[in-house]
Amino acid sequence: MAGKKEKNSPRLCPLCGGELRDGTTTVPFFIKGKVIVIKEVPAEICADCSEAYMKSSVVSRAESLLDKLDELDSEMSIIHFKVA
């Protein structure tokens with residue numbers, strides 16, 4: 001069928017055009033003088049340039065985790081996305 005996108009066509013990196021693959025990444029944040037690292041964040045990773053892209057649902061969950069950590073009186077926090 002002409003004009004229809006194939007369901008299995010590879011997702012491409014907007015930065016370099018490489019193929020995106022499902023994986024996980026570690027994301028550092030620097031907020032109000034605090035260092036927060038979220039490990040094992042689901043993302044699409046470029047096979048060529050290694051740039052990571054998070055889906056909007058993942059970004060929303062990460063923001064929720066950051067909001068909770070903002071209440072802590074900690075200069076540095078390292079958390080796992082799946083566990084937190």
# chains A, B, ... in the order shown; residues from 1 in each chain; ligands from 1
$ select_by_dssp --residues "segment 7-81 of chain A" --states "strand (DSSP E or B)" --output "PyMOL selection string"
chain A and resi 11-12+19-31+34-46+52-53+76-80
$ write_last_selection --atoms "N, CA, C and O atoms" --output "compact mmCIF listing (two decimals), in the first residue's frame"
# COMPACT_ATOMS: atom_id res chain seq x y z
N ARG A 11 13.38 3.66 13.60
CA ARG A 11 13.27 5.05 14.07
C ARG A 11 14.65 5.66 13.89
O ARG A 11 15.66 5.03 14.18
N LEU A 12 14.68 6.91 13.43
CA LEU A 12 15.95 7.54 13.12
C LEU A 12 16.26 8.69 14.08
O LEU A 12 15.36 9.43 14.49
N GLU A 19 20.16 4.82 13.49
CA GLU A 19 19.01 4.04 13.94
C GLU A 19 18.87 4.12 15.47
O GLU A 19 19.85 3.98 16.20
N LEU A 20 17.64 4.37 15.94
CA LEU A 20 17.35 4.41 17.37
C LEU A 20 16.95 3.02 17.84
O LEU A 20 16.17 2.33 17.17
N ARG A 21 17.50 2.62 18.98
CA ARG A 21 17.18 1.32 19.57
C ARG A 21 16.76 1.50 21.01
O ARG A 21 17.26 2.39 21.70
N ASP A 22 15.85 0.65 21.47
CA ASP A 22 15.40 0.71 22.86
C ASP A 22 16.56 0.36 23.79
O ASP A 22 17.35 -0.53 23.51
N GLY A 23 16.65 1.10 24.89
CA GLY A 23 17.69 0.85 25.87
C GLY A 23 17.44 1.66 27.12
O GLY A 23 16.31 2.11 27.36
N THR A 24 18.46 1.84 27.92
CA THR A 24 18.37 2.67 29.12
C THR A 24 19.57 3.60 29.16
O THR A 24 20.60 3.34 28.54
N THR A 25 19.43 4.69 29.91
CA THR A 25 20.50 5.66 30.04
C THR A 25 20.53 6.21 31.45
O THR A 25 19.62 5.97 32.24
N THR A 26 21.58 6.93 31.77
CA THR A 26 21.71 7.62 33.05
C THR A 26 21.62 9.11 32.75
O THR A 26 22.29 9.61 31.85
N VAL A 27 20.75 9.81 33.51
CA VAL A 27 20.51 11.23 33.25
C VAL A 27 20.88 12.06 34.48
O VAL A 27 20.29 11.87 35.54
N PRO A 28 21.84 12.98 34.35
CA PRO A 28 22.19 13.87 35.46
C PRO A 28 21.37 15.16 35.39
O PRO A 28 21.06 15.66 34.31
N PHE A 29 21.01 15.67 36.55
CA PHE A 29 20.31 16.95 36.66
C PHE A 29 21.05 17.81 37.68
O PHE A 29 21.56 17.30 38.68
N PHE A 30 21.12 19.10 37.44
CA PHE A 30 21.69 20.06 38.37
C PHE A 30 20.60 21.08 38.67
O PHE A 30 20.27 21.91 37.84
N ILE A 31 20.01 20.98 39.87
CA ILE A 31 18.85 21.79 40.22
C ILE A 31 19.10 22.47 41.57
O ILE A 31 19.33 21.80 42.58
N LYS A 34 21.87 21.32 43.65
CA LYS A 34 21.86 19.90 43.97
C LYS A 34 22.20 19.09 42.72
O LYS A 34 21.89 19.49 41.60
N VAL A 35 22.83 17.95 42.93
CA VAL A 35 23.13 17.02 41.84
C VAL A 35 22.22 15.81 42.02
O VAL A 35 22.21 15.18 43.07
N ILE A 36 21.45 15.51 41.00
CA ILE A 36 20.54 14.36 41.04
C ILE A 36 20.83 13.52 39.80
O ILE A 36 20.85 14.04 38.68
N VAL A 37 21.06 12.24 40.01
CA VAL A 37 21.33 11.32 38.92
C VAL A 37 20.24 10.25 38.92
O VAL A 37 20.01 9.60 39.94
N ILE A 38 19.57 10.09 37.79
CA ILE A 38 18.57 9.03 37.66
C ILE A 38 19.15 7.98 36.72
O ILE A 38 19.49 8.27 35.57
N LYS A 39 19.29 6.76 37.24
CA LYS A 39 19.88 5.66 36.47
C LYS A 39 18.78 4.78 35.89
O LYS A 39 17.67 4.76 36.37
N GLU A 40 19.13 4.03 34.86
CA GLU A 40 18.24 3.06 34.21
C GLU A 40 16.97 3.70 33.67
O GLU A 40 15.88 3.13 33.77
N VAL A 41 17.09 4.88 33.07
CA VAL A 41 15.95 5.57 32.48
C VAL A 41 15.69 4.98 31.08
O VAL A 41 16.60 4.95 30.25
N PRO A 42 14.47 4.48 30.82
CA PRO A 42 14.16 3.96 29.49
C PRO A 42 14.31 5.05 28.44
O PRO A 42 13.86 6.19 28.64
N ALA A 43 14.96 4.72 27.34
CA ALA A 43 15.19 5.71 26.29
C ALA A 43 15.42 4.99 24.97
O ALA A 43 15.66 3.79 24.92
N GLU A 44 15.33 5.77 23.90
CA GLU A 44 15.74 5.30 22.59
C GLU A 44 17.15 5.84 22.38
O GLU A 44 17.38 7.05 22.48
N ILE A 45 18.12 4.94 22.12
CA ILE A 45 19.52 5.31 22.01
C ILE A 45 19.97 5.18 20.56
O ILE A 45 19.71 4.15 19.92
N CYS A 46 20.64 6.21 20.06
CA CYS A 46 21.15 6.15 18.68
C CYS A 46 22.34 5.20 18.61
O CYS A 46 23.28 5.29 19.40
N ALA A 52 20.60 9.94 23.56
CA ALA A 52 19.44 9.28 24.16
C ALA A 52 18.22 10.18 24.06
O ALA A 52 18.31 11.39 24.28
N TYR A 53 17.09 9.57 23.75
CA TYR A 53 15.82 10.30 23.64
C TYR A 53 14.79 9.60 24.52
O TYR A 53 14.59 8.39 24.41
N MET A 76 23.26 15.67 47.01
CA MET A 76 23.41 14.73 45.90
C MET A 76 22.51 13.52 46.12
O MET A 76 22.47 12.96 47.22
N SER A 77 21.80 13.11 45.06
CA SER A 77 20.94 11.93 45.13
C SER A 77 21.15 11.11 43.87
O SER A 77 21.25 11.64 42.77
N ILE A 78 21.24 9.77 44.05
CA ILE A 78 21.33 8.86 42.92
C ILE A 78 20.19 7.86 43.09
O ILE A 78 20.11 7.19 44.13
N ILE A 79 19.31 7.79 42.12
CA ILE A 79 18.16 6.90 42.22
C ILE A 79 18.03 6.07 40.94
O ILE A 79 18.55 6.44 39.90
N HIS A 80 17.34 4.95 41.04
CA HIS A 80 17.04 4.11 39.89
C HIS A 80 15.63 4.41 39.43
O HIS A 80 14.70 4.41 40.25
$ closest_residue --among "A:Lys82, A:Arg61, A:Glu51, A:Ser56" --to "Leu15 of chain A" --atoms "only C-alpha atoms"
A:Glu51
$ atom_distance --atom1 "atom CA of Gly17 of chain A" --atom2 "atom CA of Val58 of chain A"
22.5 Å
$ atom_distance --atom1 "atom CA of Ala47 of chain A" --atom2 "atom CA of Glu63 of chain A"
26.3 Å
$ atom_distance --atom1 "atom CA of Met54 of chain A" --atom2 "atom CA of Lys32 of chain A"
23.0 Å
